[in-house]
$ cat final_23.cif   # mmCIF, C-alpha atoms
data_my_file
#
loop_
_atom_site.label_atom_id
_atom_site.label_comp_id
_atom_site.auth_asym_id
_atom_site.auth_seq_id
_atom_site.Cartn_x
_atom_site.Cartn_y
_atom_site.Cartn_z
CA MET A 1 -109.44 184.68 -87.64
CA ALA A 2 -109.16 188.47 -87.37
CA GLU A 3 -105.81 189.97 -86.51
CA LEU A 4 -105.20 190.17 -82.76
CA PRO A 5 -105.39 193.63 -81.24
CA THR A 6 -102.25 195.00 -79.64
CA ARG A 7 -101.33 196.83 -76.47
CA THR A 8 -98.53 199.32 -75.92
CA LEU A 9 -95.79 198.56 -73.41
CA GLY A 10 -94.31 201.24 -71.18
CA ASP A 11 -91.45 201.73 -73.64
CA GLY A 12 -93.83 202.41 -76.52
CA ILE A 13 -93.47 199.02 -78.22
CA SER A 14 -96.73 197.40 -79.37
CA VAL A 15 -97.39 193.70 -78.70
CA PRO A 16 -100.33 191.36 -79.34
CA VAL A 17 -102.62 190.96 -76.32
CA VAL A 18 -102.09 187.17 -76.30
CA GLY A 19 -98.78 185.40 -76.88
CA PHE A 20 -97.70 181.81 -77.52
CA GLY A 21 -95.54 179.94 -75.01
CA THR A 22 -93.06 177.66 -76.77
CA TYR A 23 -91.75 175.54 -73.87
CA PRO A 24 -91.10 172.58 -74.26
CA LEU A 25 -91.49 172.50 -78.06
CA ARG A 26 -88.26 171.33 -79.73
CA GLY A 27 -87.01 169.64 -82.87
CA ASP A 28 -89.03 169.14 -86.05
CA ALA A 29 -92.22 168.51 -84.08
CA GLY A 30 -91.67 171.75 -82.21
CA VAL A 31 -91.20 173.68 -85.45
CA ARG A 32 -94.42 172.21 -86.84
CA ALA A 33 -96.33 173.16 -83.68
CA MET A 34 -95.02 176.73 -83.85
CA VAL A 35 -95.83 177.03 -87.55
CA SER A 36 -99.34 175.84 -86.69
CA ALA A 37 -99.58 178.55 -84.02
CA LEU A 38 -98.50 181.23 -86.49
CA GLU A 39 -101.03 179.95 -89.01
CA ALA A 40 -103.70 180.16 -86.30
CA GLY A 41 -102.90 183.84 -85.84
CA TYR A 42 -100.33 184.11 -83.05
CA ARG A 43 -97.81 186.89 -83.60
CA PHE A 44 -95.96 186.76 -80.27
CA LEU A 45 -93.61 183.82 -79.65
CA ASP A 46 -92.06 183.47 -76.19
CA THR A 47 -88.84 181.47 -75.89
CA ALA A 48 -85.74 181.38 -73.66
CA VAL A 49 -82.15 180.19 -73.74
CA ASN A 50 -83.11 177.57 -71.17
CA TYR A 51 -85.96 176.27 -73.33
CA ARG A 52 -83.32 175.14 -75.85
CA ASN A 53 -85.61 175.96 -78.75
CA GLU A 54 -84.56 179.43 -79.93
CA ARG A 55 -83.37 177.96 -83.23
CA GLU A 56 -86.71 176.24 -83.75
CA VAL A 57 -88.60 179.48 -83.09
CA ALA A 58 -86.65 181.26 -85.82
CA GLU A 59 -87.07 178.31 -88.18
CA ALA A 60 -90.83 178.31 -87.58
CA VAL A 61 -91.14 182.00 -88.42
CA ARG A 62 -89.24 181.50 -91.66
CA ALA A 63 -91.20 178.35 -92.55
CA SER A 64 -94.56 179.99 -91.83
CA GLY A 65 -94.15 182.64 -94.50
CA VAL A 66 -95.18 185.33 -92.00
CA GLU A 67 -93.04 188.43 -92.35
CA ARG A 68 -90.38 188.67 -89.63
CA GLY A 69 -91.51 192.20 -88.84
CA ASP A 70 -95.00 190.93 -88.04
CA VAL A 71 -93.83 188.51 -85.32
CA PHE A 72 -92.81 189.64 -81.84
CA ILE A 73 -90.02 187.30 -80.68
CA GLN A 74 -89.13 187.29 -77.00
CA THR A 75 -86.32 185.39 -75.30
CA LYS A 76 -84.83 185.24 -71.80
CA ILE A 77 -81.31 185.50 -70.38
CA PRO A 78 -80.50 182.56 -68.05
CA GLY A 79 -79.09 182.90 -64.56
CA ARG A 80 -75.67 181.58 -65.55
CA ASP A 81 -75.31 184.47 -68.02
CA HIS A 82 -76.06 187.37 -65.68
CA ARG A 83 -72.45 188.53 -65.75
CA SER A 84 -72.39 188.32 -69.54
CA ALA A 85 -75.96 189.17 -70.53
CA HIS A 86 -74.84 191.24 -73.50
CA GLN A 87 -72.84 188.34 -74.96
CA SER A 88 -75.66 185.92 -74.14
CA LEU A 89 -77.99 188.00 -76.28
CA ARG A 90 -75.46 188.11 -79.12
CA THR A 91 -75.22 184.31 -78.97
CA THR A 92 -79.01 184.10 -79.17
CA LEU A 93 -78.98 186.26 -82.30
CA GLN A 94 -76.37 183.98 -83.87
CA VAL A 95 -78.39 180.88 -83.00
CA MET A 96 -81.56 182.40 -84.44
CA ASP A 97 -79.79 184.07 -87.38
CA LEU A 98 -81.45 187.38 -86.55
CA ASP A 99 -80.24 190.95 -86.36
CA PHE A 100 -82.37 191.67 -83.30
CA VAL A 101 -85.05 190.21 -81.06
CA ASP A 102 -88.12 192.16 -80.09
CA SER A 103 -87.84 191.51 -76.37
CA ALA A 104 -85.30 190.08 -73.94
CA LEU A 105 -86.05 189.36 -70.29
CA ILE A 106 -83.86 188.41 -67.33
CA HIS A 107 -85.29 184.94 -66.66
CA TRP A 108 -84.81 184.88 -62.87
CA PRO A 109 -83.21 187.28 -60.36
CA ASN A 110 -80.80 184.73 -58.79
CA PRO A 111 -80.34 187.09 -55.82
CA SER A 112 -77.63 185.14 -53.98
CA GLN A 113 -75.33 185.61 -56.96
CA GLY A 114 -75.96 189.34 -56.83
CA ASN A 115 -75.58 189.89 -60.58
CA PHE A 116 -79.12 190.67 -61.74
CA VAL A 117 -78.47 194.43 -61.60
CA ARG A 118 -75.40 193.93 -63.78
CA ALA A 119 -77.47 191.83 -66.18
CA TRP A 120 -80.02 194.64 -66.40
CA GLU A 121 -77.28 197.19 -67.11
CA ARG A 122 -76.05 195.02 -69.99
CA LEU A 123 -79.58 194.70 -71.40
CA VAL A 124 -79.96 198.47 -71.31
CA GLU A 125 -76.74 198.71 -73.34
CA ALA A 126 -77.97 196.03 -75.76
CA LYS A 127 -81.16 197.98 -76.37
CA GLU A 128 -79.16 201.15 -77.03
CA GLU A 129 -77.14 199.19 -79.61
CA GLY A 130 -80.27 197.94 -81.37
CA LEU A 131 -79.84 194.26 -80.50
CA VAL A 132 -83.26 194.23 -78.80
CA ARG A 133 -86.28 196.52 -79.05
CA SER A 134 -87.80 196.03 -75.60
CA ILE A 135 -86.26 194.79 -72.35
CA GLY A 136 -87.84 193.36 -69.24
CA VAL A 137 -87.64 190.79 -66.48
CA SER A 138 -89.29 187.58 -65.34
CA ASN A 139 -90.10 186.35 -61.83
CA PHE A 140 -89.00 189.64 -60.27
CA LYS A 141 -90.45 190.88 -56.99
CA ALA A 142 -90.86 194.53 -56.00
CA HIS A 143 -87.48 194.84 -54.29
CA HIS A 144 -85.69 193.32 -57.29
CA LEU A 145 -87.39 195.92 -59.47
CA ASP A 146 -86.39 198.67 -57.04
CA ALA A 147 -82.73 197.64 -57.35
CA ILE A 148 -82.49 197.65 -61.14
CA ILE A 149 -84.50 200.84 -61.60
CA GLU A 150 -82.46 202.68 -58.97
CA ALA A 151 -79.20 201.53 -60.61
CA THR A 152 -80.11 202.52 -64.18
CA GLY A 153 -83.13 204.78 -64.18
CA VAL A 154 -84.67 202.35 -66.70
CA THR A 155 -87.94 200.60 -65.87
CA PRO A 156 -88.59 197.16 -67.40
CA ALA A 157 -91.32 197.11 -70.01
CA SER A 158 -92.55 193.70 -68.85
CA ASN A 159 -92.41 191.39 -65.86
CA GLN A 160 -93.38 187.81 -66.72
CA ILE A 161 -94.65 185.97 -63.64
CA GLU A 162 -96.54 182.80 -62.81
CA LEU A 163 -100.15 183.92 -62.89
CA HIS A 164 -103.41 181.98 -62.95
CA PRO A 165 -106.58 181.91 -60.81
CA PHE A 166 -105.03 179.58 -58.21
CA PHE A 167 -102.07 182.01 -57.90
CA PRO A 168 -103.44 185.48 -58.81
CA GLN A 169 -100.47 187.50 -57.50
CA ALA A 170 -102.52 190.58 -56.61
CA ASP A 171 -99.69 192.43 -54.86
CA GLN A 172 -97.14 191.90 -57.64
CA ARG A 173 -99.65 192.79 -60.34
CA ALA A 174 -100.47 196.01 -58.49
CA ASP A 175 -96.78 196.84 -58.11
CA ASN A 176 -96.16 196.23 -61.81
CA GLU A 177 -99.12 198.44 -62.73
CA ARG A 178 -97.93 201.24 -60.45
CA ARG A 179 -94.60 201.29 -62.27
CA GLY A 180 -96.11 201.08 -65.75
CA ILE A 181 -94.80 197.53 -66.23
CA THR A 182 -96.90 195.09 -68.26
CA THR A 183 -97.57 191.83 -66.45
CA GLN A 184 -97.06 188.77 -68.64
CA SER A 185 -98.56 185.49 -67.42
CA TRP A 186 -96.67 182.21 -67.65
CA ALA A 187 -98.69 179.04 -66.93
CA PRO A 188 -101.87 181.11 -67.50
CA ILE A 189 -104.15 178.09 -67.27
CA GLY A 190 -102.26 176.51 -64.37
CA ARG A 191 -102.37 172.73 -64.41
CA ALA A 192 -105.71 172.99 -66.21
CA GLY A 193 -107.55 169.99 -64.67
CA ASP A 194 -108.71 171.25 -61.27
CA LEU A 195 -108.87 174.85 -62.43
CA LEU A 196 -111.04 174.18 -65.46
CA THR A 197 -113.62 172.33 -63.38
CA ALA A 198 -113.68 174.93 -60.58
CA GLU A 199 -117.24 176.23 -60.17
CA PRO A 200 -116.68 179.95 -61.00
CA VAL A 201 -114.84 178.99 -64.19
CA ALA A 202 -117.31 176.31 -65.25
CA THR A 203 -120.30 178.55 -64.49
CA ALA A 204 -118.87 181.42 -66.56
CA ALA A 205 -118.12 179.03 -69.43
CA ARG A 206 -121.72 177.85 -69.50
CA ALA A 207 -123.06 181.40 -69.26
CA HIS A 208 -121.03 182.63 -72.21
CA GLY A 209 -121.07 179.48 -74.33
CA VAL A 210 -117.28 179.14 -74.34
CA THR A 211 -114.73 176.71 -72.95
CA PRO A 212 -113.34 176.92 -69.41
CA ALA A 213 -109.86 177.58 -70.82
CA GLN A 214 -111.23 180.52 -72.80
CA VAL A 215 -112.80 181.89 -69.60
CA VAL A 216 -109.46 181.73 -67.79
CA LEU A 217 -107.59 183.42 -70.63
CA ARG A 218 -110.27 186.13 -70.79
CA TRP A 219 -109.83 186.57 -67.01
CA HIS A 220 -106.17 187.44 -67.64
CA LEU A 221 -107.18 190.13 -70.12
CA HIS A 222 -109.64 191.59 -67.60
CA LEU A 223 -106.72 191.83 -65.15
CA ASP A 224 -104.76 193.70 -67.85
CA ALA A 225 -102.26 190.82 -67.97
CA LEU A 226 -100.82 189.31 -71.14
CA PRO A 227 -101.28 185.51 -71.15
CA LEU A 228 -98.87 183.16 -72.91
CA PRO A 229 -100.76 179.88 -73.35
CA LYS A 230 -98.93 176.93 -74.84
CA SER A 231 -100.23 173.97 -76.82
CA ALA A 232 -99.02 171.81 -79.67
CA ASP A 233 -102.60 170.95 -80.66
CA PRO A 234 -103.82 173.09 -83.61
CA GLN A 235 -107.44 173.07 -82.46
CA ARG A 236 -106.51 174.16 -78.95
CA GLN A 237 -104.15 176.80 -80.32
CA THR A 238 -107.03 178.33 -82.25
CA SER A 239 -109.42 178.04 -79.32
CA ASN A 240 -106.98 179.81 -77.03
CA LEU A 241 -107.02 182.82 -79.34
CA GLU A 242 -110.81 183.06 -79.45
CA VAL A 243 -111.16 185.03 -76.23
CA LEU A 244 -112.13 188.45 -77.52
CA GLY A 245 -115.75 187.77 -78.47
CA PHE A 246 -117.13 187.90 -74.94
CA ASP A 247 -116.64 189.79 -71.69
CA LEU A 248 -116.73 188.57 -68.13
CA ALA A 249 -118.81 190.49 -65.61
CA ASP A 250 -116.97 192.07 -62.69
CA ALA A 251 -118.56 189.53 -60.35
CA GLU A 252 -117.29 186.67 -62.52
CA VAL A 253 -113.75 188.09 -62.53
CA GLU A 254 -113.87 188.50 -58.75
CA ALA A 255 -115.17 184.96 -58.20
CA ILE A 256 -112.41 183.48 -60.37
CA THR A 257 -109.75 185.57 -58.63
CA ALA A 258 -111.07 184.32 -55.28
CA LEU A 259 -109.92 180.81 -56.28
CA GLY A 260 -106.41 181.86 -55.21
CA ARG A 261 -104.96 179.67 -52.48
CA PRO A 262 -101.71 179.45 -50.47
CA ASP A 263 -100.58 176.28 -52.27
CA GLY A 264 -101.60 177.58 -55.70
CA ARG A 265 -98.09 178.11 -57.03
CA LEU A 266 -97.09 175.50 -59.61
CA PHE A 267 -93.34 175.98 -59.42
CA ASP A 268 -92.39 175.61 -55.77
CA ALA A 269 -89.55 178.12 -55.80
CA ASP A 270 -89.20 181.60 -54.36
CA PRO A 271 -87.32 184.18 -56.46
CA ASP A 272 -85.59 185.31 -53.27
CA THR A 273 -83.99 181.91 -52.66
CA HIS A 274 -84.21 179.75 -55.78
CA GLU A 275 -81.31 179.84 -58.26
CA GLU A 276 -82.13 179.39 -61.94
CA MET A 277 -79.26 178.10 -64.08
#

$ encode --input "final_23.cif" --output "structure tokens"
Amino acid sequence: MAELPTRTLGDGISVPVVGFGTYPLRGDAGVRAMVSALEAGYRFLDTAVNYRNEREVAEAVRASGVERGDVFIQTKIPGRDHRSAHQSLRTTLQVMDLDFVDSALIHWPNPSQGNFVRAWERLVEAKEEGLVRSIGVSNFKAHHLDAIIEATGVTPASNQIELHPFFPQADQRADNERRGITTQSWAPIGRAGDLLTAEPVATAARAHGVTPAQVVLRWHLHLDALPLPKSADPQRQTSNLEVLGFDLADAEVEAITALGRPDGRLFDADPDTHEEM
């Protein structure tokens, strides 16, 4: 397939418009699945310390034959490492046998511990030292963003949040956009089943001659979000990348967004109360 287009983050770093989620791919099978994704055309691999597959991500890039400089590798600092985020990132680089990663995010704010601002300060330092090219956050709300920006004057390039038609996160997306923060979407297709048979999705799929999953991923792009679909199946990996050959009408985007519902969140945890280890 043709090379994926890119978008520019607020810090000037360019990233592909669709990434590949690597959780829970591990071991030899995980490496094979990631190599398959790279062969399909993915050039953005999203991992995390807590996924326990950083080593496999690096192995897959080397095994694929794709130049390291052509792959955007993103990891996440876990809650237990907020007080030592700088060292956590150095450990990641040792595990992956890399000189730098392209992006590092704070995985969860863990507000009761009160160390997410400190973690952000350490990531700012790590970027200045060249250990990471772009820094951001994940699962942050507006007031968490206020705190880290006020403390450092540095705005995250990305905020990765749960985002899919059953949980469209309009307020947080708008807040991210206002600040110049790119919204990344984890669980972009939700739990798939109910969502992919929902009438606005199915109708759009029939109208455009594409799959329901492709409609949902295209919906993310229309919202200016960066989806990170995950699949170990080579055919589905390829299909998930084939979302640039059609456009959804405004009415279709609005109808899919209207699927949002109060119980739409997959992970029943609030970033203001839940503690991520």

$ atom_distance --input "final_23.cif" --atom1 "atom CA of A:Ala232" --atom2 "atom CA of A:Met34"
7.6 Å

$ residues_around --input "final_23.cif" --residues "A:Phe166" --least-positions-apart "4" --cutoff "7 Å" --atoms "only C-alpha atoms" --output "list in words"
Leu259, Gly260, Arg261 and Gly264 of chain A

$ residues_around --input "final_23.cif" --residues "stretch 105-120 of chain A" --least-positions-apart "3" --cutoff "7 Å" --atoms "only C-alpha atoms" --output "list of chain:residue names"
A:Thr75, A:Lys76, A:Ile77, A:Pro78, A:Gly79, A:His82, A:Arg83, A:Ala85, A:Leu123, A:Val124, A:Ile135, A:Gly136, A:Val137, A:Ser138, A:Asn139, A:Phe140, A:Ala147, A:Ile148, A:Pro271, A:Asp272, A:His274, A:Glu275, A:Glu276

$ closest_atom_pairs --input "final_23.cif" --of "stretch 198-256 of chain A" --to "stretch 151-162 of chain A" --cutoff "10 Å" --atoms "all atoms listed in the file" --output "JSON lines"
{"residue": "A:Ala225", "atom": "CA", "partner": "A:Gln160", "partner_atom": "CA", "distance": 9.5}
{"residue": "A:Leu226", "atom": "CA", "partner": "A:Gln160", "partner_atom": "CA", "distance": 8.8}
{"residue": "A:Pro227", "atom": "CA", "partner": "A:Gln160", "partner_atom": "CA", "distance": 9.3}
{"residue": "A:Leu228", "atom": "CA", "partner": "A:Gln160", "partner_atom": "CA", "distance": 9.5}

$ resolve_selection --input "final_23.cif" --expression "the PyMOL selection byres ((chain A and resi 36) around 12)" --output "PyMOL selection string"
chain A and resi 20+22+29-35+37-43+57+60-61+63-66+230-238

$ build_atoms --input "final_23.cif" --residues "stretch 60-73 of chain A" --atoms "N, CA and C atoms" --output "CSV table (one decimal), keeping the file's coordinate frame"
chain,number,residue,atom,x,y,z
A,60,ALA,N,-89.4,178.3,-87.4
A,60,ALA,CA,-90.8,178.3,-87.6
A,60,ALA,C,-91.3,179.6,-88.2
A,61,VAL,N,-90.7,180.7,-87.8
A,61,VAL,CA,-91.1,182.0,-88.4
A,61,VAL,C,-90.8,182.0,-89.9
A,62,ARG,N,-89.6,181.5,-90.2
A,62,ARG,CA,-89.2,181.5,-91.7
A,62,ARG,C,-90.1,180.5,-92.4
A,63,ALA,N,-90.4,179.4,-91.8
A,63,ALA,CA,-91.2,178.4,-92.6
A,63,ALA,C,-92.7,178.8,-92.7
A,64,SER,N,-93.1,179.6,-91.8
A,64,SER,CA,-94.6,180.0,-91.8
A,64,SER,C,-94.9,180.9,-93.0
A,65,GLY,N,-93.9,181.6,-93.5
A,65,GLY,CA,-94.2,182.6,-94.5
A,65,GLY,C,-94.6,184.0,-93.9
A,66,VAL,N,-94.8,184.1,-92.6
A,66,VAL,CA,-95.2,185.3,-92.0
A,66,VAL,C,-94.0,186.2,-92.0
A,67,GLU,N,-94.1,187.5,-92.3
A,67,GLU,CA,-93.0,188.4,-92.4
A,67,GLU,C,-92.4,188.6,-91.0
A,68,ARG,N,-91.1,188.6,-90.9
A,68,ARG,CA,-90.4,188.7,-89.6
A,68,ARG,C,-90.9,189.9,-88.8
A,69,GLY,N,-91.1,191.0,-89.5
A,69,GLY,CA,-91.5,192.2,-88.8
A,69,GLY,C,-92.9,192.1,-88.2
A,70,ASP,N,-93.7,191.1,-88.6
A,70,ASP,CA,-95.0,190.9,-88.0
A,70,ASP,C,-95.0,190.0,-86.8
A,71,VAL,N,-93.9,189.4,-86.4
A,71,VAL,CA,-93.8,188.5,-85.3
A,71,VAL,C,-93.0,189.1,-84.2
A,72,PHE,N,-93.5,189.2,-83.0
A,72,PHE,CA,-92.8,189.6,-81.8
A,72,PHE,C,-92.1,188.4,-81.2
A,73,ILE,N,-90.8,188.4,-81.2
A,73,ILE,CA,-90.0,187.3,-80.7
A,73,ILE,C,-89.4,187.7,-79.4
